[in-house]
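Report on one structure; see the data block that follows.
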Amino acid sequence: MSRILLKTLLLSLFFFSQFELTSAQVSQPASFQNGVVTSADRYASEAGLEILQMGGNAIDAVVAVQFALAVTLPRAGNIGGGGFMVLHTRDGEINTLDFREKAPARATRDMYLDEDGEYISDKSKVGGLASGVPGTVDGMITALERYGTLALEIVMEPAIRLAEDGYILSHSHARSLNNAAERLSRFDGSKDIFLKPDGAPWKAGDLFVQKDLAESLKRIASMGRRGFYSGLTGRLIVEEMNRTGGIITLRDLRDYKSVWRNPVKTEFHDFELYMMPPPSSGGIVMKQVLNMLSEVNIEEYSLNSADYVHRLAESFRRSFADRNYWLGDPDYSEIPVAELLEQKYLSDRISDFDPTMASSSESISHGKFNDVIESDETTHFNVADQYGNVVAVNTTLNGSFGSFVTVSGAGFLMNNEMDDFSAKPGEPNMFGLIGAEANSIEPGKRMLSSMSPTIALKNGKPVFAGGGAGGPRIITATLQNFLNMALFEMNANQAISAPRIHHQWLPDNLYVEGLYFSDDTVRRLEEYGHRVEKIGSIALTHIIILNEDGMMSGASDSRGDGYVAGY
Ligand code: DON
């Protein structure tokens with residue numbers, strides 16, 4: 001166990017060194033009557049707003065934001081990655097779209113192990129072999145075709161403009177490029193685009209132009225999915241994979257399809273929540289936790305008191321133990337979803353909760369079900385429109401700047417999402433998550449995710465949309481944002497700003513945002529037996545709260561970049 005904990009710590013350091021935390025650009029919480037967009041980047045939020053103001057609906061705006069983020073937030077916004085969408089339409093339909101990356105057909109279970117069976121951690125993180133088959137472009141086109149009202153060329157126009165004419169780098173844009181410069185410089189395609197020819201650092205105020213990316217976006221705009229998954233872009237992706245040790249083929253690209261899935265639904269107090277099902281773990285964990293919280297009467301405790309945090313942490317601990325063992329791609333492993341979500345199971349699971357003593361993660365294992373056969377730097381944005389549509393999208397390249405490989409001639413970064421698979425049972429990934437058989441590597445399989453786009457309704461009307469960045473912390477932070485609104489009636493800015501905690505079973509640490517938890521509270525939690533670790537920030541999230549008076553309030557985490565645009 002101690003070896004695993006040490007590795008977990010080292011890998012967490014790897015991850016968090018890439019995780020952009022900055023307070024340079026503080027979002028303005030704001031309320032609007034007709035439409036609102038919250039995203040990690042000002043240009044992208046404004047691209048969505050432009051589409052809303054021309055009469056487009058929330059789906060049209062989502063597609064505009066996603067493509068704009070691919071230009072203005074290269075470390076996470078993407079066309080070389082994937083994600084998940086939860087949407088509520090004006091007619092009350094609720095749906096989810098899985099555009100998660102897939103393992104290439106030539107992927108094998110042991111592809112990241114050496115001949116002695118040891119895990120070579122770097123291989124699933126940096127370079128061509130780290131990439132799954134990207135899903136974002138198919139996802140955006142699939143969503144637009146079903147729910148959009150504007151043509152692809154129109155909604156992609158802002159992104160193409162930003163790539164072709166360039167945009168002015170903010171301080172944090174520049175810093176994020178400079179921080180990744182060494183790893184980006186290892187790949188010619190990335191060096192040509194993300195480093196200055198003279199090697200000087202980027203500065204706030206520099207104009208950042210991406211001509212190759214503009215051409216790639218134009219091919220998508222005019223040819224749809226063929227403009228990415230085949231033709232010139234498809235060939236350029238495969239050539240880059242061949243140059244950098246990747247295994248994605250034209251056939252993998254051609255075969256990629258996003259999938260509409262039924263949301264995970266749960267009730268909590270007066271709210272109904274709709275969340276992402278597997279291969280995201282977000283919905284199942286959040287539903288399990290909310291149900292366990294009801295069992296331990298969470299509503300009786302004041303926000304972030306030791307007793308409140310203790311209940312949250314113990315529920316997270318139990319749920320992440322299930323997550324890591326049972327969850328994976330439902331198309332490949334039989335996941336006992338009904339069993340995991342059964343009320344009786346969850347009340348049994350939390351029945352050993354001791355109000356004054358922390359459990360130990362070594363003694364908490366996953367739930368046991370007999371009847372299952374084994375077959376075998378992220379970003380989030382929300383849009384609400386004048387028509388009643390609300391959409392939450394969580395999307396990523398995985399680590400900041402993904403695999404650091406840019407497709408030469410096409411100008412976009414490829415993901416390193418293969419690291420989200422369990423490369424070897426018991427080995428932590430870059431988020432310290434330890435996976436099991438259900439999330440082992442298989443050709444064509446989707447890797448388990450923590451991305452958690454979430455929409456909550458009250459009296460049948462959407463009141464909350466949210467999600468974020470931060471690996472497993474996305475789940476715990478999104479849930480706390482929701483609880484802050486649901487239990488404490490906080491507005492959008494209060495809900496997103498309240499201090500957060502995180503627990504993910506292993507490592508057995510209770511993370512708290514150190515600046516905001518008093519010594520008294522921490523001492524009390526330690527007396528309960530929690531190993532409290534004070535850290536800077538937990539996740540970067542974006543939310544919309546829709547108020548009864550019809551106003552839509554957006555907020556982006558002041559823990560990092562973010563921008564609310566509306567009208
Ligand atoms: O899907 C997942 O759970 C991870 N690939 C998310 C990565 C992430 O949040 C990194 N960002 N900050």
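A note on labels: chains of the structure tokens are A, B, ... as shown, every chain counts residues from 1, and ligands are counted from 1 in their shown order.
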Q.
Taking only C-alpha atoms and all ligand atoms into account, list the residues no farther than 7 Å from ligand 1, as a count of residues only.
A. 20
Residues of stretch 431-550 of chain A at most 10 Å from stretch 263-282 of chain A: nearest atom pair and distance in Å, only C-alpha atoms, as a tab-separated table:
```
residue	atom	partner	partner_atom	distance
A:Asn439	CA	A:Pro279	CA	9.2
A:Lys445	CA	A:Pro279	CA	9.4
A:Arg446	CA	A:Pro279	CA	6.5
A:Met447	CA	A:Pro279	CA	6.7
A:Leu448	CA	A:Pro279	CA	5.0
A:Ser449	CA	A:Ser280	CA	4.4
A:Ser450	CA	A:Ser281	CA	5.2
A:Met451	CA	A:Gly282	CA	5.9
A:Ser452	CA	A:Gly282	CA	4.5
A:Pro453	CA	A:Met275	CA	6.3
A:Thr454	CA	A:Met275	CA	4.8
A:Ile455	CA	A:Tyr274	CA	5.3
A:Ala456	CA	A:Leu273	CA	4.2
A:Leu457	CA	A:Glu272	CA	5.1
A:Lys458	CA	A:Phe271	CA	4.8
A:Asn459	CA	A:Asp270	CA	7.6
A:Gly460	CA	A:Glu272	CA	8.1
A:Lys461	CA	A:Glu272	CA	9.5
A:Pro462	CA	A:Glu272	CA	9.1
A:Val463	CA	A:Phe271	CA	8.8
A:Phe464	CA	A:Leu273	CA	8.9
A:Ala465	CA	A:Tyr274	CA	9.6
A:Gly467	CA	A:Gly282	CA	9.6
A:Pro472	CA	A:Gly282	CA	8.5
A:Ile474	CA	A:Gly282	CA	8.1
A:Ile475	CA	A:Gly282	CA	5.6
A:Thr476	CA	A:Gly282	CA	8.9
A:Thr478	CA	A:Gly282	CA	9.2
A:Leu479	CA	A:Gly282	CA	9.4
A:Phe482	CA	A:Leu273	CA	9.5
A:Leu483	CA	A:Phe268	CA	9.5
A:Ala486	CA	A:Phe271	CA	7.7
A:Leu487	CA	A:His269	CA	8.6
```
Limited to N, CA and C atoms, could you put the picked residues into a file as a CSV table (one decimal), in the first residue's frame?
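And here's selection-v9.csv as it stands now:
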```csv
chain,number,residue,atom,x,y,z
A,439,ASN,N,-12.1,-1.2,-16.0
A,439,ASN,CA,-11.5,-0.1,-16.8
A,439,ASN,C,-10.1,-0.5,-17.4
A,445,LYS,N,-12.5,0.6,-26.7
A,445,LYS,CA,-13.2,0.8,-25.4
A,445,LYS,C,-13.0,2.3,-25.0
A,446,ARG,N,-14.0,2.8,-24.3
A,446,ARG,CA,-13.9,4.2,-23.7
A,446,ARG,C,-13.3,4.1,-22.3
A,447,MET,N,-12.4,5.0,-22.0
A,447,MET,CA,-11.7,5.0,-20.7
A,447,MET,C,-12.7,5.7,-19.7
A,448,LEU,N,-12.6,5.2,-18.4
A,448,LEU,CA,-13.5,5.8,-17.4
A,448,LEU,C,-13.1,7.3,-17.1
A,449,SER,N,-14.2,8.0,-16.9
A,449,SER,CA,-14.0,9.5,-16.7
A,449,SER,C,-14.6,10.0,-15.4
A,450,SER,N,-14.1,11.1,-14.9
A,450,SER,CA,-14.7,11.8,-13.8
A,450,SER,C,-15.5,13.0,-14.2
A,451,MET,N,-15.5,13.2,-15.5
A,451,MET,CA,-16.2,14.5,-16.0
A,451,MET,C,-17.7,14.4,-15.6
A,452,SER,N,-18.2,15.4,-15.1
A,452,SER,CA,-19.6,15.4,-14.5
A,452,SER,C,-20.5,16.5,-14.9
A,453,PRO,N,-20.8,16.7,-16.2
A,453,PRO,CA,-21.8,17.7,-16.5
A,453,PRO,C,-23.1,17.3,-15.8
A,454,THR,N,-23.8,18.3,-15.2
A,454,THR,CA,-24.9,18.0,-14.4
A,454,THR,C,-26.0,19.1,-14.5
A,455,ILE,N,-27.2,18.7,-14.6
A,455,ILE,CA,-28.3,19.6,-14.6
A,455,ILE,C,-29.3,19.3,-13.6
A,456,ALA,N,-29.7,20.2,-12.7
A,456,ALA,CA,-30.7,19.9,-11.7
A,456,ALA,C,-32.0,20.7,-12.0
A,457,LEU,N,-33.1,20.1,-11.7
A,457,LEU,CA,-34.4,20.7,-11.9
A,457,LEU,C,-35.1,20.9,-10.6
A,458,LYS,N,-36.0,21.9,-10.5
A,458,LYS,CA,-36.9,22.0,-9.4
A,458,LYS,C,-38.3,22.3,-9.9
A,459,ASN,N,-39.3,21.6,-9.5
A,459,ASN,CA,-40.6,21.8,-10.0
A,459,ASN,C,-40.6,21.7,-11.5
A,460,GLY,N,-39.8,20.7,-12.0
A,460,GLY,CA,-39.8,20.5,-13.5
A,460,GLY,C,-39.0,21.5,-14.3
A,461,LYS,N,-38.4,22.5,-13.7
A,461,LYS,CA,-37.7,23.5,-14.4
A,461,LYS,C,-36.2,23.5,-14.1
A,462,PRO,N,-35.3,23.7,-15.1
A,462,PRO,CA,-33.9,23.7,-14.8
A,462,PRO,C,-33.5,24.8,-13.8
A,463,VAL,N,-32.7,24.5,-12.8
A,463,VAL,CA,-32.3,25.5,-11.9
A,463,VAL,C,-30.8,25.6,-11.7
A,464,PHE,N,-30.1,24.5,-12.2
A,464,PHE,CA,-28.7,24.4,-12.0
A,464,PHE,C,-28.0,23.7,-13.1
A,465,ALA,N,-26.9,24.2,-13.6
A,465,ALA,CA,-26.1,23.5,-14.6
A,465,ALA,C,-24.6,23.7,-14.1
A,467,GLY,N,-20.3,21.8,-13.8
A,467,GLY,CA,-19.3,20.8,-14.0
A,467,GLY,C,-17.9,21.5,-13.9
A,472,PRO,N,-10.8,13.7,-10.6
A,472,PRO,CA,-11.9,13.2,-9.7
A,472,PRO,C,-12.5,14.4,-8.8
A,474,ILE,N,-13.5,16.9,-10.0
A,474,ILE,CA,-14.7,17.5,-10.7
A,474,ILE,C,-16.0,17.0,-10.0
A,475,ILE,N,-16.0,15.7,-9.7
A,475,ILE,CA,-17.2,15.1,-9.1
A,475,ILE,C,-17.5,15.8,-7.8
A,476,THR,N,-16.5,15.8,-6.9
A,476,THR,CA,-16.8,16.3,-5.5
A,476,THR,C,-17.1,17.8,-5.5
A,478,THR,N,-18.4,19.6,-8.1
A,478,THR,CA,-19.7,19.8,-8.7
A,478,THR,C,-20.8,19.5,-7.7
A,479,LEU,N,-20.6,18.5,-7.0
A,479,LEU,CA,-21.6,18.1,-6.0
A,479,LEU,C,-21.7,19.2,-4.9
A,482,PHE,N,-23.6,22.2,-6.1
A,482,PHE,CA,-25.0,21.9,-6.1
A,482,PHE,C,-25.6,22.0,-4.7
A,483,LEU,N,-24.9,21.3,-3.7
A,483,LEU,CA,-25.3,21.3,-2.3
A,483,LEU,C,-25.4,22.8,-1.8
A,486,ALA,N,-28.6,24.0,-3.1
A,486,ALA,CA,-29.8,23.3,-2.6
A,486,ALA,C,-30.0,23.3,-1.1
A,487,LEU,N,-28.9,23.2,-0.3
A,487,LEU,CA,-29.1,23.2,1.1
A,487,LEU,C,-29.0,24.6,1.7
```
Q | Residues of stretch 494-529 of chain A in strand (DSSP E or B), written as a list in words | A |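 After running DSSP on the backbone, stretch 494-529 of chain A has strand (DSSP E or B) at Ile501, His502, Leu510, Tyr511, Val512 and Glu513 of chain A.
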Can you spit out the residues from that selection as an mmCIF file, in the first residue's frame, using N, CA, C and O atoms?
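selection-v4.cif was written with the following content:
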```
data_model
loop_
_atom_site.group_PDB
_atom_site.id
_atom_site.type_symbol
_atom_site.label_atom_id
_atom_site.label_comp_id
_atom_site.auth_asym_id
_atom_site.auth_seq_id
_atom_site.Cartn_x
_atom_site.Cartn_y
_atom_site.Cartn_z
ATOM 1 N N ILE A 501 -13.924 20.660 -0.146
ATOM 2 C CA ILE A 501 -13.127 19.533 0.354
ATOM 3 C C ILE A 501 -13.127 18.440 -0.716
ATOM 4 O O ILE A 501 -13.924 18.482 -1.660
ATOM 5 N N HIS A 502 -12.248 17.481 -0.558
ATOM 6 C CA HIS A 502 -12.221 16.350 -1.507
ATOM 7 C C HIS A 502 -11.715 15.102 -0.808
ATOM 8 O O HIS A 502 -10.760 15.160 -0.027
ATOM 9 N N LEU A 510 -8.034 13.536 3.455
ATOM 10 C CA LEU A 510 -9.142 14.476 3.333
ATOM 11 C C LEU A 510 -8.527 15.825 2.944
ATOM 12 O O LEU A 510 -7.841 16.460 3.750
ATOM 13 N N TYR A 511 -8.715 16.189 1.681
ATOM 14 C CA TYR A 511 -8.147 17.453 1.190
ATOM 15 C C TYR A 511 -9.105 18.582 1.512
ATOM 16 O O TYR A 511 -10.311 18.456 1.284
ATOM 17 N N VAL A 512 -8.573 19.680 2.037
ATOM 18 C CA VAL A 512 -9.407 20.862 2.258
ATOM 19 C C VAL A 512 -8.674 22.066 1.672
ATOM 20 O O VAL A 512 -7.444 22.083 1.645
ATOM 21 N N GLU A 513 -9.452 23.032 1.223
ATOM 22 C CA GLU A 513 -8.827 24.257 0.726
ATOM 23 C C GLU A 513 -8.294 25.009 1.952
ATOM 24 O O GLU A 513 -9.061 25.610 2.712
#
```
Q: Write out as a ChimeraX atom specification each polymer residue whose atoms come within 7 Å of A:Tyr43, counting only C-alpha atoms; drop sequence neighbours fewer than 3 positions from it.
A: /A:46-47,72
DSSP on the backbone: what in stretch 323-466 of chain A comes out helix (DSSP H, G or I), as a compact mmCIF listing (two decimals) with all heavy atoms, in the first residue's frame?
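Result written to out.txt:
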```txt
# COMPACT_ATOMS: atom_id res chain seq x y z
N ARG A 323 -16.47 3.22 -7.34
CA ARG A 323 -16.12 3.77 -8.65
C ARG A 323 -14.91 3.07 -9.25
O ARG A 323 -14.93 2.62 -10.39
CB ARG A 323 -15.81 5.27 -8.51
CG ARG A 323 -15.31 5.94 -9.78
CD ARG A 323 -14.40 7.13 -9.48
NE ARG A 323 -14.05 7.83 -10.70
CZ ARG A 323 -13.02 7.52 -11.48
NH1 ARG A 323 -12.23 6.48 -11.20
NH2 ARG A 323 -12.77 8.20 -12.58
N ASN A 324 -13.88 2.99 -8.42
CA ASN A 324 -12.61 2.50 -8.95
C ASN A 324 -12.67 1.01 -9.30
O ASN A 324 -11.95 0.55 -10.16
CB ASN A 324 -11.49 2.75 -7.95
CG ASN A 324 -11.21 4.24 -7.80
OD1 ASN A 324 -11.90 5.07 -8.37
ND2 ASN A 324 -10.20 4.58 -7.02
N TYR A 325 -13.54 0.29 -8.61
CA TYR A 325 -13.61 -1.15 -8.89
C TYR A 325 -14.61 -1.48 -9.99
O TYR A 325 -14.31 -2.27 -10.90
CB TYR A 325 -14.00 -1.91 -7.61
CG TYR A 325 -13.96 -3.40 -7.84
CD1 TYR A 325 -12.75 -4.08 -7.82
CD2 TYR A 325 -15.13 -4.11 -8.14
CE1 TYR A 325 -12.70 -5.44 -8.07
CE2 TYR A 325 -15.08 -5.47 -8.39
CZ TYR A 325 -13.87 -6.13 -8.35
OH TYR A 325 -13.82 -7.47 -8.62
N TRP A 326 -15.79 -0.89 -9.90
CA TRP A 326 -16.88 -1.36 -10.75
C TRP A 326 -17.04 -0.62 -12.07
O TRP A 326 -17.66 -1.15 -13.00
CB TRP A 326 -18.22 -1.26 -9.99
CG TRP A 326 -18.39 -2.28 -8.93
CD1 TRP A 326 -18.45 -2.09 -7.59
CD2 TRP A 326 -18.53 -3.70 -9.12
NE1 TRP A 326 -18.61 -3.28 -6.92
CE2 TRP A 326 -18.67 -4.28 -7.85
CE3 TRP A 326 -18.55 -4.53 -10.24
CZ2 TRP A 326 -18.83 -5.66 -7.67
CZ3 TRP A 326 -18.71 -5.90 -10.06
CH2 TRP A 326 -18.84 -6.45 -8.78
N VAL A 337 -25.10 -1.20 -12.48
CA VAL A 337 -25.59 0.15 -12.19
C VAL A 337 -26.76 0.10 -11.21
O VAL A 337 -26.78 0.82 -10.21
CB VAL A 337 -25.99 0.86 -13.50
CG1 VAL A 337 -26.65 2.20 -13.22
CG2 VAL A 337 -24.77 1.05 -14.38
N ALA A 338 -27.72 -0.77 -11.48
CA ALA A 338 -28.92 -0.81 -10.63
C ALA A 338 -28.52 -1.15 -9.20
O ALA A 338 -28.99 -0.51 -8.25
CB ALA A 338 -29.91 -1.82 -11.17
N GLU A 339 -27.63 -2.13 -9.06
CA GLU A 339 -27.22 -2.54 -7.71
C GLU A 339 -26.48 -1.42 -6.99
O GLU A 339 -26.69 -1.16 -5.81
CB GLU A 339 -26.29 -3.77 -7.79
CG GLU A 339 -26.97 -5.06 -8.20
CD GLU A 339 -27.07 -5.22 -9.71
OE1 GLU A 339 -26.89 -4.21 -10.45
OE2 GLU A 339 -27.35 -6.34 -10.17
N LEU A 340 -25.58 -0.74 -7.72
CA LEU A 340 -24.79 0.33 -7.11
C LEU A 340 -25.66 1.49 -6.63
O LEU A 340 -25.27 2.25 -5.75
CB LEU A 340 -23.76 0.86 -8.10
CG LEU A 340 -22.56 -0.04 -8.37
CD1 LEU A 340 -21.80 0.42 -9.62
CD2 LEU A 340 -21.61 -0.04 -7.17
N LEU A 341 -26.84 1.62 -7.27
CA LEU A 341 -27.67 2.79 -6.97
C LEU A 341 -28.88 2.44 -6.12
O LEU A 341 -29.68 3.32 -5.79
CB LEU A 341 -28.13 3.44 -8.29
CG LEU A 341 -26.98 3.99 -9.15
CD1 LEU A 341 -27.52 4.59 -10.44
CD2 LEU A 341 -26.16 5.03 -8.38
N GLN A 343 -31.25 1.94 -3.13
CA GLN A 343 -31.27 2.66 -1.85
C GLN A 343 -30.84 1.76 -0.69
O GLN A 343 -30.09 2.16 0.20
CB GLN A 343 -32.68 3.24 -1.61
CG GLN A 343 -32.78 4.14 -0.39
CD GLN A 343 -31.74 5.28 -0.40
OE1 GLN A 343 -31.50 5.92 -1.43
NE2 GLN A 343 -31.09 5.51 0.73
N LYS A 344 -31.28 0.49 -0.72
CA LYS A 344 -30.95 -0.43 0.37
C LYS A 344 -29.43 -0.64 0.43
O LYS A 344 -28.81 -0.63 1.49
CB LYS A 344 -31.68 -1.75 0.12
CG LYS A 344 -31.21 -2.94 0.90
CD LYS A 344 -31.96 -3.01 2.24
CE LYS A 344 -31.65 -4.24 3.04
NZ LYS A 344 -30.29 -4.37 3.51
N TYR A 345 -28.82 -0.80 -0.76
CA TYR A 345 -27.37 -0.98 -0.81
C TYR A 345 -26.66 0.24 -0.21
O TYR A 345 -25.75 0.12 0.60
CB TYR A 345 -26.92 -1.21 -2.26
CG TYR A 345 -25.41 -1.09 -2.44
CD1 TYR A 345 -24.56 -2.04 -1.88
CD2 TYR A 345 -24.85 -0.02 -3.12
CE1 TYR A 345 -23.17 -1.93 -2.01
CE2 TYR A 345 -23.48 0.10 -3.26
CZ TYR A 345 -22.64 -0.85 -2.70
OH TYR A 345 -21.28 -0.73 -2.82
N LEU A 346 -27.13 1.43 -0.58
CA LEU A 346 -26.46 2.65 -0.13
C LEU A 346 -26.67 2.88 1.36
O LEU A 346 -25.75 3.32 2.07
CB LEU A 346 -26.93 3.85 -0.96
CG LEU A 346 -26.50 3.75 -2.43
CD1 LEU A 346 -27.19 4.81 -3.28
CD2 LEU A 346 -24.99 3.87 -2.57
N SER A 347 -27.87 2.54 1.86
CA SER A 347 -28.03 2.72 3.31
C SER A 347 -27.21 1.70 4.07
O SER A 347 -26.63 2.02 5.12
CB SER A 347 -29.50 2.76 3.75
OG SER A 347 -30.15 1.66 3.25
N ASP A 348 -27.05 0.49 3.53
CA ASP A 348 -26.15 -0.49 4.18
C ASP A 348 -24.71 0.02 4.16
O ASP A 348 -23.96 -0.12 5.12
CB ASP A 348 -26.17 -1.84 3.45
CG ASP A 348 -27.45 -2.60 3.75
OD1 ASP A 348 -28.21 -2.13 4.63
OD2 ASP A 348 -27.69 -3.62 3.09
N ARG A 349 -24.36 0.60 3.03
CA ARG A 349 -22.97 1.02 2.81
C ARG A 349 -22.54 2.09 3.82
O ARG A 349 -21.40 2.12 4.23
CB ARG A 349 -22.90 1.57 1.38
CG ARG A 349 -21.53 1.76 0.86
CD ARG A 349 -21.19 0.75 -0.19
NE ARG A 349 -19.93 1.11 -0.81
CZ ARG A 349 -18.79 0.49 -0.54
NH1 ARG A 349 -18.75 -0.52 0.29
NH2 ARG A 349 -17.68 0.87 -1.16
N GLU A 417 -5.62 10.79 -23.20
CA GLU A 417 -6.72 10.20 -22.43
C GLU A 417 -6.50 8.72 -22.11
O GLU A 417 -7.15 8.18 -21.22
CB GLU A 417 -8.00 10.34 -23.26
CG GLU A 417 -9.24 10.58 -22.45
CD GLU A 417 -9.25 11.93 -21.78
OE1 GLU A 417 -9.35 12.95 -22.47
OE2 GLU A 417 -9.14 11.95 -20.55
N MET A 418 -5.56 8.06 -22.80
CA MET A 418 -5.33 6.63 -22.50
C MET A 418 -4.90 6.46 -21.05
O MET A 418 -5.06 5.39 -20.47
CB MET A 418 -4.28 6.04 -23.45
CG MET A 418 -4.72 5.95 -24.91
SD MET A 418 -6.10 4.83 -25.19
CE MET A 418 -5.28 3.23 -25.10
N ASP A 419 -4.38 7.53 -20.43
CA ASP A 419 -3.96 7.45 -19.04
C ASP A 419 -5.14 7.26 -18.08
O ASP A 419 -4.95 6.89 -16.92
CB ASP A 419 -3.17 8.71 -18.65
CG ASP A 419 -2.48 8.55 -17.30
OD1 ASP A 419 -1.59 7.69 -17.20
OD2 ASP A 419 -2.84 9.26 -16.34
N ASP A 420 -6.35 7.54 -18.58
CA ASP A 420 -7.53 7.33 -17.72
C ASP A 420 -7.91 5.85 -17.63
O ASP A 420 -8.76 5.49 -16.81
CB ASP A 420 -8.73 8.14 -18.23
CG ASP A 420 -8.73 9.56 -17.66
OD1 ASP A 420 -7.98 9.82 -16.71
OD2 ASP A 420 -9.49 10.40 -18.18
N GLU A 437 -10.41 -4.11 -13.25
CA GLU A 437 -10.68 -4.81 -14.50
C GLU A 437 -11.68 -4.07 -15.41
O GLU A 437 -11.49 -3.99 -16.62
CB GLU A 437 -11.23 -6.20 -14.13
CG GLU A 437 -11.33 -7.18 -15.26
CD GLU A 437 -10.03 -7.34 -16.01
OE1 GLU A 437 -8.96 -7.44 -15.37
OE2 GLU A 437 -10.09 -7.36 -17.26
N ALA A 438 -12.73 -3.53 -14.79
CA ALA A 438 -13.77 -2.88 -15.60
C ALA A 438 -13.21 -1.74 -16.44
O ALA A 438 -13.78 -1.37 -17.45
CB ALA A 438 -14.88 -2.36 -14.70
N ASN A 439 -12.07 -1.20 -16.02
CA ASN A 439 -11.48 -0.08 -16.76
C ASN A 439 -10.13 -0.47 -17.37
O ASN A 439 -9.27 0.37 -17.59
CB ASN A 439 -11.35 1.13 -15.83
CG ASN A 439 -10.97 2.40 -16.58
OD1 ASN A 439 -11.36 2.60 -17.74
ND2 ASN A 439 -10.21 3.26 -15.93
```
Q: Find, counting only C-alpha atoms, the residue in A:Gln494, A:Ser39, A:Thr233, A:Asn416 that gets nearest to A:Thr541.
A: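 For A:Thr541, the nearest of the given residues is A:Ser39.
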**Q.** Selected residue, from A:Val390, A:Val296, A:Ile441, A:Ala64, that lies nearest to A:Leu87 when counting only C-alpha atoms
**A.** A:Val390
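Remark: for A:Asn242, the closest of the candidate residues A:Asn382, A:Ser408, A:Gln288, A:Asn78 is A:Ser408 (distances computed over only C-alpha atoms).
Computed from the coordinates, the atom CA of A:Ala410 to atom CA of A:Tyr229 distance equals 12.3 Å.
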(Q) With distances taken over only C-alpha atoms, which residue among A:Gly227, A:Gly166, A:Gly55, A:Gly432 lies nearest A:Asn34? (A) A:Gly55
**Q.** Residue neighbourhood A:Ser440, 12 Å, only C-alpha atoms, exclusion window fewer than 2 positions, as a PyMOL selection string
**A.** chain A and resi 103+107-112+324-329+332-333+374-376+418-427+434-438+442-448
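Separating atom CA of A:Gly127 from atom CA of A:Tyr256 is a distance of 20.9 Å.
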(Q) Taking only C-alpha atoms into account, name the residue in A:Met414, A:Met292, A:Val383, A:Leu312 that is nearest to A:Gly80. (A)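 Looking only at the distances to A:Gly80, the closest residue turns out to be A:Met414.
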Q. Can you list, as a ChimeraX atom specification, every protein, DNA or RNA residue that comes within 6 Å of A:Val36 when you count only C-alpha atoms, leaving out same-chain residues fewer than 3 positions away?
A. /A:383-384,565-566
Q: Work out how far apart atom CA of A:Pro201 and atom CA of A:Glu164 are and give it in Å to one decimal.
A: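 Rounded to one decimal, the two atoms are 21.6 Å apart.
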Taking only C-alpha atoms into account, produce a table as a Markdown table in which each residue of stretch 381-425 of chain A with an atom at most 9 Å from an atom of stretch 177-192 of chain A appears once, together with its shortest atom pair and the distance in Å to one decimal, ordered by chain and rising number.
```
| residue | atom | partner | partner_atom | distance |
| --- | --- | --- | --- | --- |
| A:Ser400 | CA | A:Ala180 | CA | 8.2 |
| A:Phe401 | CA | A:Ala180 | CA | 7.6 |
| A:Ser403 | CA | A:Leu184 | CA | 8.9 |
| A:Phe404 | CA | A:Leu184 | CA | 5.2 |
| A:Val405 | CA | A:Phe187 | CA | 5.9 |
| A:Thr406 | CA | A:Ser190 | CA | 4.7 |
| A:Val407 | CA | A:Gly189 | CA | 5.9 |
| A:Ser408 | CA | A:Gly189 | CA | 4.4 |
| A:Gly409 | CA | A:Gly189 | CA | 7.5 |
| A:Ala410 | CA | A:Gly189 | CA | 8.8 |
| A:Gly411 | CA | A:Gly189 | CA | 7.4 |
| A:Phe412 | CA | A:Ser190 | CA | 8.4 |
| A:Leu413 | CA | A:Ser190 | CA | 7.6 |
```
Write the residues you've just listed into a file as a compact mmCIF listing (two decimals), in the first residue's frame, and include N, CA and C atoms for each of them.
```
# COMPACT_ATOMS: atom_id res chain seq x y z
N SER A 400 -2.98 18.82 -18.96
CA SER A 400 -2.82 20.11 -19.60
C SER A 400 -2.00 19.93 -20.89
N PHE A 401 -2.54 20.37 -22.03
CA PHE A 401 -1.94 20.20 -23.35
C PHE A 401 -1.89 18.72 -23.78
N SER A 403 -1.30 15.13 -24.84
CA SER A 403 -0.09 14.32 -25.03
C SER A 403 1.11 15.19 -25.43
N PHE A 404 0.88 16.50 -25.56
CA PHE A 404 1.88 17.48 -26.04
C PHE A 404 2.20 17.31 -27.52
N VAL A 405 1.48 16.40 -28.18
CA VAL A 405 1.70 16.18 -29.62
C VAL A 405 0.68 17.01 -30.39
N THR A 406 1.16 17.89 -31.25
CA THR A 406 0.28 18.63 -32.15
C THR A 406 0.34 17.98 -33.53
N VAL A 407 -0.79 17.81 -34.16
CA VAL A 407 -0.82 17.23 -35.50
C VAL A 407 -0.22 18.24 -36.47
N SER A 408 0.96 17.91 -37.00
CA SER A 408 1.66 18.85 -37.88
C SER A 408 0.80 19.12 -39.11
N GLY A 409 0.70 20.37 -39.47
CA GLY A 409 -0.09 20.76 -40.64
C GLY A 409 -1.55 20.94 -40.32
N ALA A 410 -2.00 20.44 -39.18
CA ALA A 410 -3.41 20.57 -38.82
C ALA A 410 -3.60 21.45 -37.58
N GLY A 411 -2.52 21.63 -36.82
CA GLY A 411 -2.53 22.67 -35.79
C GLY A 411 -3.28 22.40 -34.52
N PHE A 412 -3.62 21.15 -34.21
CA PHE A 412 -4.31 20.92 -32.94
C PHE A 412 -3.62 19.81 -32.15
N LEU A 413 -3.78 19.92 -30.84
CA LEU A 413 -3.15 18.97 -29.92
C LEU A 413 -3.98 17.70 -29.79
```
Q: For each of A:Gly234, A:Pro499, A:Gly92, A:Gly246, take the minimum atom-to-atom distance to A:Lys125, counting only C-alpha atoms, then give the residue where this is smallest.
A: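 Using only C-alpha atoms, the shortest distance to A:Lys125 belongs to A:Gly246.
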